[in-house]
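J.: Structure supplied as query_23.txt; contents: compact mmCIF, N, CA and C atoms.
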```
# COMPACT_ATOMS: atom_id res chain seq x y z
N MET P 24 -12.02 -14.96 -2.10
CA MET P 24 -10.97 -14.03 -1.74
C MET P 24 -9.62 -14.60 -2.17
N THR P 25 -8.75 -13.71 -2.52
CA THR P 25 -7.38 -14.05 -2.92
C THR P 25 -6.44 -13.70 -1.77
N GLN P 26 -5.46 -14.54 -1.53
CA GLN P 26 -4.48 -14.25 -0.50
C GLN P 26 -3.26 -13.58 -1.11
N ILE P 27 -2.75 -12.59 -0.40
CA ILE P 27 -1.47 -11.98 -0.75
C ILE P 27 -0.54 -12.23 0.43
N VAL P 28 0.52 -12.97 0.16
CA VAL P 28 1.55 -13.19 1.17
C VAL P 28 2.58 -12.08 0.97
N VAL P 29 2.81 -11.31 2.01
CA VAL P 29 3.79 -10.23 1.97
C VAL P 29 5.03 -10.73 2.71
N LEU P 30 6.13 -10.78 1.99
CA LEU P 30 7.38 -11.22 2.60
C LEU P 30 7.83 -10.17 3.63
N PRO P 31 8.59 -10.58 4.63
CA PRO P 31 9.01 -9.63 5.66
C PRO P 31 9.72 -8.39 5.08
N ASN P 32 9.33 -7.24 5.61
CA ASN P 32 9.94 -5.96 5.27
C ASN P 32 10.28 -5.28 6.59
N GLU P 33 11.52 -4.93 6.75
CA GLU P 33 12.02 -4.41 8.02
C GLU P 33 11.16 -3.29 8.59
N ASN P 34 10.67 -2.41 7.75
CA ASN P 34 9.93 -1.24 8.23
C ASN P 34 8.41 -1.41 8.22
N LEU P 35 7.88 -2.08 7.23
CA LEU P 35 6.42 -2.11 7.06
C LEU P 35 5.75 -3.32 7.70
N CYS P 36 6.40 -4.46 7.67
CA CYS P 36 5.85 -5.66 8.30
C CYS P 36 6.99 -6.64 8.57
N PRO P 37 7.69 -6.43 9.68
CA PRO P 37 8.89 -7.21 9.97
C PRO P 37 8.68 -8.72 9.99
N GLU P 38 7.50 -9.16 10.35
CA GLU P 38 7.22 -10.59 10.41
C GLU P 38 6.62 -11.12 9.11
N GLY P 39 6.39 -10.24 8.15
CA GLY P 39 5.64 -10.63 6.96
C GLY P 39 4.15 -10.61 7.30
N ALA P 40 3.33 -10.92 6.32
CA ALA P 40 1.88 -10.90 6.56
C ALA P 40 1.18 -11.71 5.48
N VAL P 41 -0.03 -12.11 5.80
CA VAL P 41 -0.92 -12.72 4.82
C VAL P 41 -2.21 -11.91 4.90
N VAL P 42 -2.61 -11.33 3.77
CA VAL P 42 -3.82 -10.50 3.74
C VAL P 42 -4.78 -11.04 2.70
N GLU P 43 -6.03 -10.75 2.89
CA GLU P 43 -7.07 -11.13 1.93
C GLU P 43 -7.30 -9.96 0.98
N ALA P 44 -7.43 -10.28 -0.29
CA ALA P 44 -7.72 -9.26 -1.30
C ALA P 44 -8.92 -9.69 -2.10
N GLN P 45 -9.67 -8.72 -2.54
CA GLN P 45 -10.82 -9.01 -3.39
C GLN P 45 -10.41 -8.89 -4.84
N PRO P 46 -10.76 -9.86 -5.66
CA PRO P 46 -10.46 -9.72 -7.08
C PRO P 46 -10.99 -8.38 -7.59
N GLY P 47 -10.15 -7.68 -8.35
CA GLY P 47 -10.54 -6.37 -8.88
C GLY P 47 -9.94 -5.21 -8.13
N GLU P 48 -9.40 -5.45 -6.92
CA GLU P 48 -8.73 -4.36 -6.21
C GLU P 48 -7.24 -4.46 -6.47
N SER P 49 -6.55 -3.35 -6.30
CA SER P 49 -5.11 -3.34 -6.53
C SER P 49 -4.38 -3.94 -5.32
N ILE P 50 -3.17 -4.38 -5.55
CA ILE P 50 -2.34 -4.87 -4.45
C ILE P 50 -2.18 -3.76 -3.42
N CYS P 51 -1.94 -2.54 -3.87
CA CYS P 51 -1.77 -1.41 -2.97
C CYS P 51 -3.00 -1.21 -2.09
N GLN P 52 -4.18 -1.24 -2.66
CA GLN P 52 -5.41 -1.06 -1.88
C GLN P 52 -5.55 -2.16 -0.83
N ALA P 53 -5.24 -3.40 -1.23
CA ALA P 53 -5.36 -4.52 -0.28
C ALA P 53 -4.38 -4.36 0.87
N LEU P 54 -3.14 -3.96 0.57
CA LEU P 54 -2.16 -3.79 1.63
C LEU P 54 -2.57 -2.67 2.58
N LEU P 55 -2.97 -1.54 2.04
CA LEU P 55 -3.37 -0.41 2.88
C LEU P 55 -4.58 -0.76 3.74
N ARG P 56 -5.54 -1.48 3.16
CA ARG P 56 -6.74 -1.88 3.90
C ARG P 56 -6.40 -2.80 5.06
N ASN P 57 -5.27 -3.48 4.95
CA ASN P 57 -4.83 -4.40 6.00
C ASN P 57 -3.68 -3.82 6.83
N ASP P 58 -3.61 -2.50 6.89
CA ASP P 58 -2.66 -1.78 7.75
C ASP P 58 -1.20 -1.99 7.42
N ILE P 59 -0.90 -2.31 6.16
CA ILE P 59 0.49 -2.32 5.70
C ILE P 59 0.68 -1.02 4.93
N GLU P 60 1.35 -0.08 5.53
CA GLU P 60 1.42 1.29 5.03
C GLU P 60 2.46 1.47 3.93
N ILE P 61 2.24 0.79 2.80
CA ILE P 61 3.12 0.93 1.66
C ILE P 61 3.04 2.37 1.15
N GLU P 62 4.19 2.91 0.77
CA GLU P 62 4.19 4.28 0.24
C GLU P 62 3.40 4.34 -1.05
N HIS P 63 2.74 5.45 -1.26
CA HIS P 63 1.98 5.70 -2.49
C HIS P 63 1.85 7.21 -2.66
N ALA P 64 2.98 7.81 -2.98
CA ALA P 64 3.10 9.27 -3.00
C ALA P 64 2.16 9.94 -3.99
N CYS P 65 1.78 9.26 -5.05
CA CYS P 65 0.90 9.89 -6.06
C CYS P 65 -0.57 9.53 -5.84
N GLU P 66 -0.86 8.97 -4.65
CA GLU P 66 -2.23 8.57 -4.33
C GLU P 66 -2.80 7.58 -5.34
N MET P 67 -1.96 6.66 -5.77
CA MET P 67 -2.34 5.53 -6.64
C MET P 67 -2.80 5.97 -8.03
N SER P 68 -2.17 6.99 -8.57
CA SER P 68 -2.56 7.48 -9.90
C SER P 68 -1.54 7.13 -10.99
N CYS P 69 -0.61 6.25 -10.69
CA CYS P 69 0.43 5.82 -11.64
C CYS P 69 1.27 7.02 -12.10
N ALA P 70 1.75 7.77 -11.09
CA ALA P 70 2.57 8.94 -11.40
C ALA P 70 3.88 8.95 -10.62
N CYS P 71 4.24 7.81 -10.01
CA CYS P 71 5.51 7.71 -9.28
C CYS P 71 5.89 6.23 -9.19
N THR P 72 6.88 5.91 -8.37
CA THR P 72 7.27 4.50 -8.22
C THR P 72 7.29 4.07 -6.76
N THR P 73 6.74 4.84 -5.86
CA THR P 73 6.89 4.54 -4.44
C THR P 73 6.17 3.28 -4.00
N CYS P 74 5.20 2.79 -4.74
CA CYS P 74 4.47 1.58 -4.37
C CYS P 74 5.00 0.34 -5.09
N HIS P 75 6.19 0.43 -5.62
CA HIS P 75 6.82 -0.68 -6.34
C HIS P 75 6.87 -1.94 -5.48
N VAL P 76 6.45 -3.06 -6.05
CA VAL P 76 6.60 -4.37 -5.41
C VAL P 76 7.18 -5.35 -6.42
N ILE P 77 7.71 -6.44 -5.90
CA ILE P 77 8.18 -7.53 -6.74
C ILE P 77 7.24 -8.70 -6.48
N VAL P 78 6.61 -9.19 -7.53
CA VAL P 78 5.65 -10.28 -7.40
C VAL P 78 6.43 -11.58 -7.55
N ARG P 79 6.67 -12.25 -6.44
CA ARG P 79 7.48 -13.47 -6.42
C ARG P 79 6.70 -14.70 -6.88
N GLU P 80 5.40 -14.72 -6.66
CA GLU P 80 4.55 -15.81 -7.13
C GLU P 80 3.21 -15.23 -7.56
N GLY P 81 2.67 -15.77 -8.65
CA GLY P 81 1.37 -15.33 -9.14
C GLY P 81 1.43 -14.20 -10.15
N TYR P 82 2.62 -13.84 -10.59
CA TYR P 82 2.79 -12.71 -11.52
C TYR P 82 1.94 -12.87 -12.78
N ASP P 83 1.89 -14.09 -13.31
CA ASP P 83 1.16 -14.30 -14.57
C ASP P 83 -0.35 -14.13 -14.44
N SER P 84 -0.87 -14.09 -13.22
CA SER P 84 -2.31 -13.90 -13.05
C SER P 84 -2.70 -12.42 -13.17
N LEU P 85 -1.71 -11.53 -13.13
CA LEU P 85 -1.98 -10.09 -13.25
C LEU P 85 -2.04 -9.69 -14.71
N GLU P 86 -2.88 -8.71 -15.01
CA GLU P 86 -2.89 -8.17 -16.37
C GLU P 86 -1.53 -7.53 -16.64
N GLU P 87 -1.15 -7.49 -17.90
CA GLU P 87 0.13 -6.89 -18.26
C GLU P 87 0.15 -5.41 -17.91
N ALA P 88 1.32 -4.93 -17.54
CA ALA P 88 1.50 -3.51 -17.27
C ALA P 88 1.32 -2.72 -18.56
N ASP P 89 0.70 -1.56 -18.46
CA ASP P 89 0.58 -0.73 -19.66
C ASP P 89 1.85 0.09 -19.84
N GLU P 90 1.90 0.84 -20.91
CA GLU P 90 3.11 1.59 -21.25
C GLU P 90 3.49 2.62 -20.19
N LEU P 91 2.49 3.29 -19.62
CA LEU P 91 2.77 4.29 -18.59
C LEU P 91 3.40 3.64 -17.35
N GLU P 92 2.84 2.52 -16.91
CA GLU P 92 3.42 1.82 -15.77
C GLU P 92 4.84 1.36 -16.08
N ASP P 93 5.05 0.82 -17.27
CA ASP P 93 6.39 0.38 -17.65
C ASP P 93 7.39 1.54 -17.62
N ASP P 94 6.95 2.71 -18.07
CA ASP P 94 7.83 3.88 -18.06
C ASP P 94 8.24 4.25 -16.63
N TYR P 95 7.29 4.21 -15.70
CA TYR P 95 7.62 4.51 -14.30
C TYR P 95 8.46 3.42 -13.67
N LEU P 96 8.15 2.17 -13.99
CA LEU P 96 8.93 1.06 -13.43
C LEU P 96 10.41 1.18 -13.79
N ASP P 97 10.69 1.71 -14.96
CA ASP P 97 12.09 1.89 -15.36
C ASP P 97 12.86 2.76 -14.38
N LYS P 98 12.15 3.58 -13.59
CA LYS P 98 12.79 4.48 -12.64
C LYS P 98 12.82 3.92 -11.22
N ALA P 99 12.22 2.76 -11.01
CA ALA P 99 12.10 2.20 -9.66
C ALA P 99 13.43 1.66 -9.15
N TRP P 100 13.64 1.80 -7.85
CA TRP P 100 14.83 1.25 -7.21
C TRP P 100 14.66 -0.27 -7.12
N GLY P 101 15.69 -1.01 -7.50
CA GLY P 101 15.67 -2.47 -7.36
C GLY P 101 14.76 -3.17 -8.36
N LEU P 102 14.61 -2.61 -9.53
CA LEU P 102 13.73 -3.17 -10.55
C LEU P 102 14.14 -4.60 -10.89
N GLU P 103 13.14 -5.49 -10.99
CA GLU P 103 13.35 -6.88 -11.38
C GLU P 103 12.33 -7.23 -12.46
N PRO P 104 12.52 -8.35 -13.16
CA PRO P 104 11.58 -8.71 -14.23
C PRO P 104 10.13 -8.84 -13.76
N ASP P 105 9.92 -9.20 -12.50
CA ASP P 105 8.56 -9.37 -11.98
C ASP P 105 8.11 -8.19 -11.13
N SER P 106 8.67 -7.02 -11.38
CA SER P 106 8.28 -5.81 -10.66
C SER P 106 6.98 -5.26 -11.21
N ARG P 107 6.19 -4.68 -10.31
CA ARG P 107 4.97 -3.97 -10.69
C ARG P 107 4.78 -2.79 -9.75
N LEU P 108 4.01 -1.82 -10.20
CA LEU P 108 3.53 -0.78 -9.31
C LEU P 108 2.28 -1.35 -8.65
N SER P 109 2.29 -1.43 -7.34
CA SER P 109 1.18 -2.11 -6.66
C SER P 109 -0.15 -1.40 -6.85
N CYS P 110 -0.11 -0.12 -7.17
CA CYS P 110 -1.37 0.61 -7.41
C CYS P 110 -2.00 0.24 -8.75
N GLN P 111 -1.21 -0.35 -9.64
CA GLN P 111 -1.71 -0.71 -10.96
C GLN P 111 -1.91 -2.21 -11.14
N ALA P 112 -1.38 -3.01 -10.23
CA ALA P 112 -1.48 -4.47 -10.32
C ALA P 112 -2.79 -4.90 -9.68
N ILE P 113 -3.73 -5.30 -10.52
CA ILE P 113 -5.07 -5.67 -10.06
C ILE P 113 -5.11 -7.16 -9.76
N VAL P 114 -5.57 -7.48 -8.57
CA VAL P 114 -5.64 -8.86 -8.11
C VAL P 114 -6.72 -9.62 -8.88
N ALA P 115 -6.37 -10.84 -9.28
CA ALA P 115 -7.34 -11.72 -9.93
C ALA P 115 -7.74 -12.79 -8.91
N ASP P 116 -7.81 -14.04 -9.33
CA ASP P 116 -8.23 -15.10 -8.42
C ASP P 116 -7.10 -16.03 -8.00
N GLU P 117 -5.86 -15.68 -8.34
CA GLU P 117 -4.71 -16.50 -7.95
C GLU P 117 -3.97 -15.83 -6.81
N ASP P 118 -3.60 -16.63 -5.82
CA ASP P 118 -2.85 -16.10 -4.68
C ASP P 118 -1.51 -15.52 -5.16
N LEU P 119 -1.02 -14.53 -4.42
CA LEU P 119 0.21 -13.83 -4.78
C LEU P 119 1.19 -13.86 -3.61
N VAL P 120 2.46 -13.81 -3.94
CA VAL P 120 3.52 -13.58 -2.96
C VAL P 120 4.26 -12.34 -3.44
N VAL P 121 4.31 -11.31 -2.58
CA VAL P 121 4.95 -10.06 -2.98
C VAL P 121 6.03 -9.66 -1.99
N GLU P 122 7.02 -8.98 -2.53
CA GLU P 122 8.09 -8.42 -1.72
C GLU P 122 8.06 -6.91 -1.91
N ILE P 123 8.08 -6.19 -0.81
CA ILE P 123 8.16 -4.73 -0.87
C ILE P 123 9.64 -4.38 -0.75
N PRO P 124 10.22 -3.76 -1.77
CA PRO P 124 11.63 -3.42 -1.70
C PRO P 124 11.96 -2.55 -0.49
N ARG P 125 13.18 -2.66 -0.05
CA ARG P 125 13.61 -1.93 1.14
C ARG P 125 13.62 -0.42 0.93
N TYR P 126 13.89 0.02 -0.30
CA TYR P 126 14.01 1.44 -0.59
C TYR P 126 13.07 1.84 -1.72
N THR P 127 12.76 3.14 -1.75
CA THR P 127 12.08 3.74 -2.90
C THR P 127 12.92 4.94 -3.32
N ILE P 128 12.57 5.53 -4.46
CA ILE P 128 13.29 6.73 -4.88
C ILE P 128 12.70 7.98 -4.24
N ASN P 129 11.68 7.82 -3.42
CA ASN P 129 11.06 8.93 -2.74
C ASN P 129 12.01 9.51 -1.71
N MET P 130 12.42 10.74 -1.90
CA MET P 130 13.37 11.38 -1.01
C MET P 130 12.71 11.95 0.25
N VAL P 131 11.39 12.16 0.19
CA VAL P 131 10.67 12.75 1.31
C VAL P 131 9.40 11.94 1.54
N SER P 132 9.15 11.61 2.78
CA SER P 132 7.91 10.92 3.12
C SER P 132 7.36 11.53 4.38
N GLU P 133 6.09 11.84 4.38
CA GLU P 133 5.48 12.47 5.54
C GLU P 133 5.44 11.53 6.75
N ARG P 134 5.51 10.22 6.53
CA ARG P 134 5.37 9.26 7.61
C ARG P 134 6.71 8.90 8.27
N HIS P 135 7.83 9.42 7.77
CA HIS P 135 9.12 9.02 8.33
C HIS P 135 9.86 10.22 8.91
```
Please go through the file and, once you have read it, give me the structure as structure tokens.

T.:
Amino acid sequence: MTQIVVLPNENLCPEGAVVEAQPGESICQALLRNDIEIEHACEMSCACTTCHVIVREGYDSLEEADELEDDYLDKAWGLEPDSRLSCQAIVADEDLVVEIPRYTINMVSERH
């Protein structure tokens, strides 16, 4: 199992979290499975930016983003060089440290 350390996020996990992920699953799937309710407005189909995360450690263990993901990332709030859409970032065997940005460009969310 791979560990994902989630840095504190005021709304989703104020204390931060450490979750177990299985190689081959997305960061988004691992977070949701562990009750971290990261937004994913397009149901993980790479059609929005609401699941944007910044991979602070372990970025190089992820496969490169494809062109479609890169196009959506360009629209993400708080984009950084190590940003990924968590629905497209597939966990390998290296532990990760991720930060969930405070905001998304999603103007409407059913959970808020």

J.: Apply DSSP to the structure's backbone, then extract all residues of stretch 65-106 of chain P labelled strand (DSSP E or B) and return them as a ChimeraX atom specification.

T.: /P:75-80,106

J.: So that I can see what lies close to P:Val121, please list as JSON, numbers by chain the residues with an atom at most 5 Å from it, counting only N, CA and C atoms and leaving out residues fewer than 6 positions away in the same chain.

T.: {"P": [28, 29, 30, 77, 78, 79]}

J.: Record the distance separating atom CA of P:Ala44 and atom C of P:Ile61, expressed in Å with one decimal.

T.: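 For atom CA of P:Ala44 relative to atom C of P:Ile61, the distance reads 16.0 Å.
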
J.: For stretch 92-100 of chain P, find every residue with an atom within 8 Å (counting all atoms listed in the file), except residues of its own chain fewer than 3 positions away, and show them as a ChimeraX atom specification.

T.: /P:69-73,75,87-89,103,106-108,111,124-129

J.: Go through P:Glu43, P:Glu80, P:Glu66, P:Glu86 one by one, measure the shortest atom-to-atom distance of each to P:Thr25 using only N, CA and C atoms, and give the residue with the smallest value.

T.: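 For P:Thr25, the nearest of the given residues is P:Glu43.
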
J.: What are the DSSP alpha helix (DSSP H) residues of chain P, as a list in words?

T.: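 Of chain P, only Ile50, Cys51, Gln52, Ala53, Leu54, Leu55, Arg56, Glu90, Leu91, Glu92, Asp93, Asp94, Tyr95 and Leu96 of chain P fall in alpha helix (DSSP H).
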
J.: So what do you get for atom CA of P:Ile27 versus atom CA of P:Val42, distance-wise?

T.: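 Atom-to-atom, atom CA of P:Ile27 to atom CA of P:Val42, that is 5.3 Å.
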
J.: Enter the distance from atom CA of P:Leu85 to atom N of P:Glu62, in Å, rounded to one decimal.

T.: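 Atom N of P:Glu62 lies 20.1 Å from atom CA of P:Leu85.
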
J.: Let me know the centre plus edge lengths, in Å and rounded to one decimal, of a box with edges along x, y and z that contains all listed atoms of stretch 59-76 of chain P and is padded by 4 Å on every side, as JSON.

T.:
```
{"center_x": 2.2, "center_y": 2.3, "center_z": -3.0, "size_x": 18.1, "size_y": 23.3, "size_z": 26.3}
```

J.: Find the residues around stretch 45-60 of chain P up to 7 Å (only N, CA and C atoms counted), leave out those fewer than 4 positions away in its own chain, and share them as a PyMOL selection string.

T.: chain P and resi 24-25+35-36+108-116

J.: Those same residues, written as a compact mmCIF listing (two decimals), in the frame of the given file with N, CA and C atoms?

T.:
```txt
# COMPACT_ATOMS: atom_id res chain seq x y z
N MET P 24 -12.02 -14.96 -2.10
CA MET P 24 -10.97 -14.03 -1.74
C MET P 24 -9.62 -14.60 -2.17
N THR P 25 -8.75 -13.71 -2.52
CA THR P 25 -7.38 -14.05 -2.92
C THR P 25 -6.44 -13.70 -1.77
N LEU P 35 7.88 -2.08 7.23
CA LEU P 35 6.42 -2.11 7.06
C LEU P 35 5.75 -3.32 7.70
N CYS P 36 6.40 -4.46 7.67
CA CYS P 36 5.85 -5.66 8.30
C CYS P 36 6.99 -6.64 8.57
N LEU P 108 4.01 -1.82 -10.20
CA LEU P 108 3.53 -0.78 -9.31
C LEU P 108 2.28 -1.35 -8.65
N SER P 109 2.29 -1.43 -7.34
CA SER P 109 1.18 -2.11 -6.66
C SER P 109 -0.15 -1.40 -6.85
N CYS P 110 -0.11 -0.12 -7.17
CA CYS P 110 -1.37 0.61 -7.41
C CYS P 110 -2.00 0.24 -8.75
N GLN P 111 -1.21 -0.35 -9.64
CA GLN P 111 -1.71 -0.71 -10.96
C GLN P 111 -1.91 -2.21 -11.14
N ALA P 112 -1.38 -3.01 -10.23
CA ALA P 112 -1.48 -4.47 -10.32
C ALA P 112 -2.79 -4.90 -9.68
N ILE P 113 -3.73 -5.30 -10.52
CA ILE P 113 -5.07 -5.67 -10.06
C ILE P 113 -5.11 -7.16 -9.76
N VAL P 114 -5.57 -7.48 -8.57
CA VAL P 114 -5.64 -8.86 -8.11
C VAL P 114 -6.72 -9.62 -8.88
N ALA P 115 -6.37 -10.84 -9.28
CA ALA P 115 -7.34 -11.72 -9.93
C ALA P 115 -7.74 -12.79 -8.91
N ASP P 116 -7.81 -14.04 -9.33
CA ASP P 116 -8.23 -15.10 -8.42
C ASP P 116 -7.10 -16.03 -8.00
```
